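Peer 1: The structure that follows is given in the form of structure tokens.
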Amino acid sequence: MFSNAVKLFSINGFDIKLDPSWLLIAALITWTLSQGYFPAILPHQSTGTYLAMALIAMLCFFASLLLHELAHSVVARRLGVPIKGITLFLFGGVAELEAEPRSAAVEFWVALAGPVMSLALALGFWILAQLSETLAAATPVSMVLGYLALINLILALFNLVPAFPLDGGRVLRAYLWHRKGDVLAATETAAQSGTIFAYVLMGFGLVALFNGALIAGLWQIMIGFFVLMAARAAYQTQLAKVAFDHKTVAALMQRDPIVISPEMTLSEFVNRIMLRHNVSFVPVVEDGVLLGHMDQAVLAGIDREHWSNTRVGDVFAGLDGQASISGEMPVQDLMVRIADTGRRKFLVVDGHQLMGVISLADLTRYLRLSDLVRHR
């Protein structure tokens with residue numbers, strides 16, 4: 001998900017990473033606080049003071065986000081859910097779970113841990129702000145502490161909204177899962193709540209834009225879009241987990257696919273196979289023995305004027321571990337292979353014998369059918 005994230009350090013075995021998109025929100029928060037928020041609540045300070053207050057507040061806010069995600073991670077690990085690490089990015093922070101919680105109870109406690117941490121931080125910063133103002137009148141320190149108390153309270157309350165993938169949406173899913181015993185149905189309902197919340201948030205963003213609040217409006221629209229995409233992805237992921245459970249590649253592959261001979265020319269391959277049958281990934285077979293495959297990537301490396309006098313056997317891609325898989329491979333493992341390599345089409349082989357072919361499109365088609373059957 002965060003291929004460009006850079007590891008900063010580790011805490012108790014958790015890798016803390018920073019995505020480049022974080023720099024944008026860090027700059028935006030610093031600019032907003034130094035130019036608007038702090039000058040409004042504490043006037044007559046120097047530009048340097050406002051900038052220092054904004055930088056400290058921004059860094060402490062992201063430290064608070066990190067503690068929020070660490071709370072999720074620590075509870076998840078104690079309850080048996082493996083965690084890859086924590087990444088700070090444009091929309092805050094995320095604990096990267098390697099597997100979904102095994103039960104509704106685990107889901108509930110993992111989801112609740114973050115908001116509880118944020119509420120505790122809000123209370124702690126508020127107490128410190130009150131002590132600071134008791135010892136002296138309003139100062140830059142007390143204003144920064146007050147801001148941190150407020151932002152942590154907002155963070156906790158926002159995350160408790162029952163809209164997936166927010167923590168409140170995960171709590172909702174845990175409740176529905178416990179009540180009905182159907183994690184897929186629970187995920188669907190929670191994702192629907194997330195979709196509704198996302199559209200409401202984007203609607204408020206549009207209203208803000210029309211009222212001249214450019215940054216606030218764009219920010220609400222961006223967050224709404226992120227929630228919308230995450231909610232849809234969560235349901236699709238859970239649907240895939242249920243639909244592909246205990247299924248192997250052999251159960252979903254295309255048997256008896258179109259094959260070509262190494263003696264065929266590239267022009268024949270394009271005109272008689274690719275265009276006529278609308279396929280772009282074709283096994284190369286000779287005397288019943290699988291040799292490799294032809295696809296658009298291989299074809300693109302040959303100049304068109306040479307297609308008529310170039311044989312498939314001269315240029316095809318041979319068998320390798322990337323494009324060849326076993327029919328016994330679990331479909332869930334194939335999904336991981338697709339995500340890791342970016343490859344979408346595979347030969348299903350048994351030694352040098354072709355069993356069939358399978359593609360991401362086949363898996364997507366099966367998912368759509370599973371969803372349609374479920375809602376009939």
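Each chain in the structure tokens gets a letter, A, B and so on, in the order shown; residues start at 1 in every chain, and ligands are counted from 1 in the order they appear.
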Would you write out, as a Markdown table, a table of all residues in region 103-162 of chain A that have an atom no more than 9 Å from an atom of region 169-174 of chain A, listing for each the closest atom pair and the distance in Å to one decimal, considering only C-alpha atoms and ordering rows by chain and rising residue number?

Peer 2:
| residue | atom | partner | partner_atom | distance |
| --- | --- | --- | --- | --- |
| A:Ser103 | CA | A:Ala174 | CA | 8.0 |
| A:Ala104 | CA | A:Ala174 | CA | 4.5 |
| A:Ala105 | CA | A:Ala174 | CA | 6.8 |
| A:Val106 | CA | A:Ala174 | CA | 8.2 |
| A:Glu107 | CA | A:Ala174 | CA | 5.7 |
| A:Phe108 | CA | A:Val171 | CA | 5.2 |
| A:Trp109 | CA | A:Val171 | CA | 8.2 |
| A:Val110 | CA | A:Arg170 | CA | 8.9 |
| A:Ala111 | CA | A:Arg170 | CA | 5.9 |
| A:Leu112 | CA | A:Val171 | CA | 7.0 |
| A:Asn159 | CA | A:Gly169 | CA | 8.3 |
| A:Leu160 | CA | A:Gly169 | CA | 7.4 |
| A:Val161 | CA | A:Gly169 | CA | 6.7 |
| A:Pro162 | CA | A:Gly169 | CA | 4.1 |

Peer 1: I want to know what sits within 8 Å of Met53 (chain A), based on only C-alpha atoms, with residues of the same chain fewer than 5 positions away left out; could you give that as a VMD selection string?

Peer 2: chain A and resid 34 38 140 to 141 144

Peer 1: Any chance you could list, as a PyMOL selection string, the residues in region 38-282 of chain A that come up alpha helix (DSSP H) when DSSP is run on the backbone?

Peer 2: chain A and resi 38-41+47-78+104-135+140-159+167-180+183-210+214-243+249-252+266-268+276-277

Peer 1: Within 12 Å of Met253 (chain A), counting only C-alpha atoms, which residues show up once you throw out same-chain ones fewer than 3 positions away? Write them as a PyMOL selection string, please.

Peer 2: chain A and resi 247-250+256-257+325-331+334+345-349+354-363+365-366

Peer 1: Would you write out those residues with N, CA and C atoms, as a PDB file, in the first residue's frame?

Peer 2:
ATOM      1  N   LYS A 247     -10.162 -22.649  -1.685  1.00  0.00           N
ATOM      2  CA  LYS A 247     -10.169 -22.898  -3.127  1.00  0.00           C
ATOM      3  C   LYS A 247      -8.745 -22.847  -3.670  1.00  0.00           C
ATOM      4  N   THR A 248      -8.470 -23.730  -4.608  1.00  0.00           N
ATOM      5  CA  THR A 248      -7.167 -23.754  -5.257  1.00  0.00           C
ATOM      6  C   THR A 248      -7.264 -23.165  -6.658  1.00  0.00           C
ATOM      7  N   VAL A 249      -6.111 -22.896  -7.240  1.00  0.00           N
ATOM      8  CA  VAL A 249      -6.056 -22.341  -8.592  1.00  0.00           C
ATOM      9  C   VAL A 249      -6.754 -23.263  -9.584  1.00  0.00           C
ATOM     10  N   ALA A 250      -6.593 -24.582  -9.410  1.00  0.00           N
ATOM     11  CA  ALA A 250      -7.185 -25.540 -10.347  1.00  0.00           C
ATOM     12  C   ALA A 250      -8.699 -25.410 -10.421  1.00  0.00           C
ATOM     13  N   ASP A 256      -8.199 -26.096 -20.920  1.00  0.00           N
ATOM     14  CA  ASP A 256      -8.134 -26.199 -22.390  1.00  0.00           C
ATOM     15  C   ASP A 256      -8.082 -24.819 -23.055  1.00  0.00           C
ATOM     16  N   PRO A 257      -7.121 -23.978 -22.668  1.00  0.00           N
ATOM     17  CA  PRO A 257      -7.019 -22.653 -23.300  1.00  0.00           C
ATOM     18  C   PRO A 257      -6.483 -22.761 -24.723  1.00  0.00           C
ATOM     19  N   ILE A 325       2.597 -21.367 -12.165  1.00  0.00           N
ATOM     20  CA  ILE A 325       2.163 -21.719 -10.819  1.00  0.00           C
ATOM     21  C   ILE A 325       1.548 -23.116 -10.843  1.00  0.00           C
ATOM     22  N   SER A 326       1.421 -23.689  -9.664  1.00  0.00           N
ATOM     23  CA  SER A 326       0.835 -25.015  -9.525  1.00  0.00           C
ATOM     24  C   SER A 326      -0.683 -24.920  -9.373  1.00  0.00           C
ATOM     25  N   GLY A 327      -1.380 -25.927  -9.872  1.00  0.00           N
ATOM     26  CA  GLY A 327      -2.825 -25.962  -9.706  1.00  0.00           C
ATOM     27  C   GLY A 327      -3.242 -26.135  -8.255  1.00  0.00           C
ATOM     28  N   GLU A 328      -2.323 -26.611  -7.415  1.00  0.00           N
ATOM     29  CA  GLU A 328      -2.628 -26.813  -5.991  1.00  0.00           C
ATOM     30  C   GLU A 328      -2.444 -25.546  -5.156  1.00  0.00           C
ATOM     31  N   MET A 329      -1.949 -24.500  -5.777  1.00  0.00           N
ATOM     32  CA  MET A 329      -1.734 -23.260  -5.028  1.00  0.00           C
ATOM     33  C   MET A 329      -3.070 -22.690  -4.549  1.00  0.00           C
ATOM     34  N   PRO A 330      -3.190 -22.345  -3.263  1.00  0.00           N
ATOM     35  CA  PRO A 330      -4.420 -21.689  -2.793  1.00  0.00           C
ATOM     36  C   PRO A 330      -4.623 -20.359  -3.513  1.00  0.00           C
ATOM     37  N   VAL A 331      -5.857 -20.036  -3.818  1.00  0.00           N
ATOM     38  CA  VAL A 331      -6.146 -18.792  -4.525  1.00  0.00           C
ATOM     39  C   VAL A 331      -5.699 -17.588  -3.698  1.00  0.00           C
ATOM     40  N   LEU A 334      -2.256 -16.929  -4.511  1.00  0.00           N
ATOM     41  CA  LEU A 334      -2.145 -16.306  -5.835  1.00  0.00           C
ATOM     42  C   LEU A 334      -2.425 -14.817  -5.752  1.00  0.00           C
ATOM     43  N   LYS A 345      -1.396 -12.527 -15.253  1.00  0.00           N
ATOM     44  CA  LYS A 345      -1.753 -13.750 -15.971  1.00  0.00           C
ATOM     45  C   LYS A 345      -0.692 -14.815 -15.725  1.00  0.00           C
ATOM     46  N   PHE A 346      -1.164 -16.052 -15.545  1.00  0.00           N
ATOM     47  CA  PHE A 346      -0.259 -17.130 -15.164  1.00  0.00           C
ATOM     48  C   PHE A 346      -0.588 -18.418 -15.915  1.00  0.00           C
ATOM     49  N   LEU A 347       0.477 -19.195 -16.154  1.00  0.00           N
ATOM     50  CA  LEU A 347       0.333 -20.556 -16.650  1.00  0.00           C
ATOM     51  C   LEU A 347       0.178 -21.480 -15.455  1.00  0.00           C
ATOM     52  N   VAL A 348      -0.793 -22.377 -15.514  1.00  0.00           N
ATOM     53  CA  VAL A 348      -0.961 -23.377 -14.466  1.00  0.00           C
ATOM     54  C   VAL A 348      -0.339 -24.661 -14.991  1.00  0.00           C
ATOM     55  N   VAL A 349       0.712 -25.129 -14.334  1.00  0.00           N
ATOM     56  CA  VAL A 349       1.515 -26.220 -14.892  1.00  0.00           C
ATOM     57  C   VAL A 349       1.671 -27.370 -13.909  1.00  0.00           C
ATOM     58  N   LEU A 354       0.753 -28.448 -19.498  1.00  0.00           N
ATOM     59  CA  LEU A 354      -0.147 -27.315 -19.272  1.00  0.00           C
ATOM     60  C   LEU A 354      -1.477 -27.809 -18.712  1.00  0.00           C
ATOM     61  N   MET A 355      -1.869 -27.288 -17.561  1.00  0.00           N
ATOM     62  CA  MET A 355      -3.173 -27.610 -16.980  1.00  0.00           C
ATOM     63  C   MET A 355      -4.218 -26.567 -17.358  1.00  0.00           C
ATOM     64  N   GLY A 356      -3.790 -25.319 -17.492  1.00  0.00           N
ATOM     65  CA  GLY A 356      -4.714 -24.241 -17.821  1.00  0.00           C
ATOM     66  C   GLY A 356      -4.031 -22.900 -17.630  1.00  0.00           C
ATOM     67  N   VAL A 357      -4.812 -21.828 -17.725  1.00  0.00           N
ATOM     68  CA  VAL A 357      -4.310 -20.481 -17.450  1.00  0.00           C
ATOM     69  C   VAL A 357      -5.286 -19.804 -16.494  1.00  0.00           C
ATOM     70  N   ILE A 358      -4.768 -18.852 -15.754  1.00  0.00           N
ATOM     71  CA  ILE A 358      -5.617 -18.092 -14.834  1.00  0.00           C
ATOM     72  C   ILE A 358      -5.127 -16.660 -14.802  1.00  0.00           C
ATOM     73  N   SER A 359      -6.058 -15.728 -14.642  1.00  0.00           N
ATOM     74  CA  SER A 359      -5.709 -14.303 -14.661  1.00  0.00           C
ATOM     75  C   SER A 359      -6.457 -13.572 -13.552  1.00  0.00           C
ATOM     76  N   LEU A 360      -6.014 -12.365 -13.306  1.00  0.00           N
ATOM     77  CA  LEU A 360      -6.712 -11.520 -12.344  1.00  0.00           C
ATOM     78  C   LEU A 360      -8.147 -11.290 -12.787  1.00  0.00           C
ATOM     79  N   ALA A 361      -8.376 -11.201 -14.096  1.00  0.00           N
ATOM     80  CA  ALA A 361      -9.734 -11.016 -14.606  1.00  0.00           C
ATOM     81  C   ALA A 361     -10.621 -12.202 -14.245  1.00  0.00           C
ATOM     82  N   ASP A 362     -10.066 -13.414 -14.250  1.00  0.00           N
ATOM     83  CA  ASP A 362     -10.837 -14.594 -13.848  1.00  0.00           C
ATOM     84  C   ASP A 362     -11.253 -14.492 -12.384  1.00  0.00           C
ATOM     85  N   LEU A 363     -10.330 -14.063 -11.549  1.00  0.00           N
ATOM     86  CA  LEU A 363     -10.629 -13.936 -10.121  1.00  0.00           C
ATOM     87  C   LEU A 363     -11.668 -12.843  -9.883  1.00  0.00           C
ATOM     88  N   ARG A 365     -13.918 -11.796 -12.013  1.00  0.00           N
ATOM     89  CA  ARG A 365     -15.199 -12.281 -12.532  1.00  0.00           C
ATOM     90  C   ARG A 365     -15.871 -13.218 -11.515  1.00  0.00           C
ATOM     91  N   TYR A 366     -15.090 -14.090 -10.911  1.00  0.00           N
ATOM     92  CA  TYR A 366     -15.632 -15.017  -9.916  1.00  0.00           C
ATOM     93  C   TYR A 366     -16.154 -14.260  -8.693  1.00  0.00           C
TER      94      TYR A 366
END

Peer 1: Can you tell me, as a ChimeraX atom specification, what residues are no more than 10 Å from Val94 (chain A) when counting only C-alpha atoms, ignoring any on the same chain fewer than 6 positions away?

Peer 2: /A:65-66,68-70,72-73,85-88

Peer 1: Measuring atom to atom with only C-alpha atoms, identify which of A:Ala95, A:Met274, A:Val284, A:Ala27 is nearest to Ile260 (chain A).

Peer 2: A:Val284

Peer 1: Based on DSSP run over this structure's backbone, return all residues of region 193-299 of chain A in strand (DSSP E or B), as a count of residues only.

Peer 2: 18

Peer 1: Measuring atom to atom with only C-alpha atoms, identify which of A:Asp182, A:Glu188, A:Asp295, A:Asp350 is nearest to Ser280 (chain A).

Peer 2: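 Closest candidate: A:Asp295.
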
Peer 1: Can you pull out the residues contacting region 198-202 of chain A? Cut-off 12 Å, using only C-alpha atoms, and skip same-chain residues under 3 positions away; I want them as a PyMOL selection string.

Peer 2: chain A and resi 158+161-166+191-195+205-209+216-232

Peer 1: Please, could you write that set of residues out with C-alpha atoms as a PDB file, in the first residue's frame?

Peer 2:
ATOM      1  CA  PHE A 158     -13.871  11.499  14.537  1.00  0.00           C
ATOM      2  CA  VAL A 161     -17.917   7.691  13.966  1.00  0.00           C
ATOM      3  CA  PRO A 162     -19.494   4.307  13.040  1.00  0.00           C
ATOM      4  CA  ALA A 163     -18.214   4.405   9.467  1.00  0.00           C
ATOM      5  CA  PHE A 164     -15.747   1.830   8.173  1.00  0.00           C
ATOM      6  CA  PRO A 165     -12.717   1.978   8.004  1.00  0.00           C
ATOM      7  CA  LEU A 166     -12.726   4.398  10.953  1.00  0.00           C
ATOM      8  CA  ALA A 191     -18.705  -0.477   4.622  1.00  0.00           C
ATOM      9  CA  GLN A 192     -22.096   0.922   3.605  1.00  0.00           C
ATOM     10  CA  SER A 193     -22.011   3.207   6.649  1.00  0.00           C
ATOM     11  CA  GLY A 194     -18.536   4.305   5.584  1.00  0.00           C
ATOM     12  CA  THR A 195     -19.796   5.023   2.064  1.00  0.00           C
ATOM     13  CA  GLY A 205     -16.587  19.894   1.423  1.00  0.00           C
ATOM     14  CA  LEU A 206     -18.407  21.127  -1.668  1.00  0.00           C
ATOM     15  CA  VAL A 207     -20.484  23.507   0.456  1.00  0.00           C
ATOM     16  CA  ALA A 208     -17.290  24.820   2.039  1.00  0.00           C
ATOM     17  CA  LEU A 209     -15.752  25.366  -1.406  1.00  0.00           C
ATOM     18  CA  ALA A 216     -11.144  23.180   4.397  1.00  0.00           C
ATOM     19  CA  GLY A 217     -13.392  22.163   1.503  1.00  0.00           C
ATOM     20  CA  LEU A 218     -10.657  20.366  -0.414  1.00  0.00           C
ATOM     21  CA  TRP A 219      -9.509  18.619   2.742  1.00  0.00           C
ATOM     22  CA  GLN A 220     -13.012  17.326   3.514  1.00  0.00           C
ATOM     23  CA  ILE A 221     -13.423  16.107  -0.059  1.00  0.00           C
ATOM     24  CA  MET A 222     -10.054  14.325   0.033  1.00  0.00           C
ATOM     25  CA  ILE A 223     -10.789  12.630   3.359  1.00  0.00           C
ATOM     26  CA  GLY A 224     -14.251  11.645   2.130  1.00  0.00           C
ATOM     27  CA  PHE A 225     -12.794  10.142  -1.025  1.00  0.00           C
ATOM     28  CA  PHE A 226     -10.221   8.210   1.010  1.00  0.00           C
ATOM     29  CA  VAL A 227     -12.921   6.833   3.336  1.00  0.00           C
ATOM     30  CA  LEU A 228     -15.055   5.891   0.313  1.00  0.00           C
ATOM     31  CA  MET A 229     -12.256   3.974  -1.388  1.00  0.00           C
ATOM     32  CA  ALA A 230     -11.179   2.282   1.840  1.00  0.00           C
ATOM     33  CA  ALA A 231     -14.740   1.206   2.674  1.00  0.00           C
ATOM     34  CA  ARG A 232     -15.232  -0.341  -0.757  1.00  0.00           C
TER      35      ARG A 232
END

Peer 1: Find the residues around Ala243 (chain A) up to 12 Å (only C-alpha atoms counted), leave out those fewer than 6 positions away in its own chain, and share them as a count of residues only.

Peer 2: 20
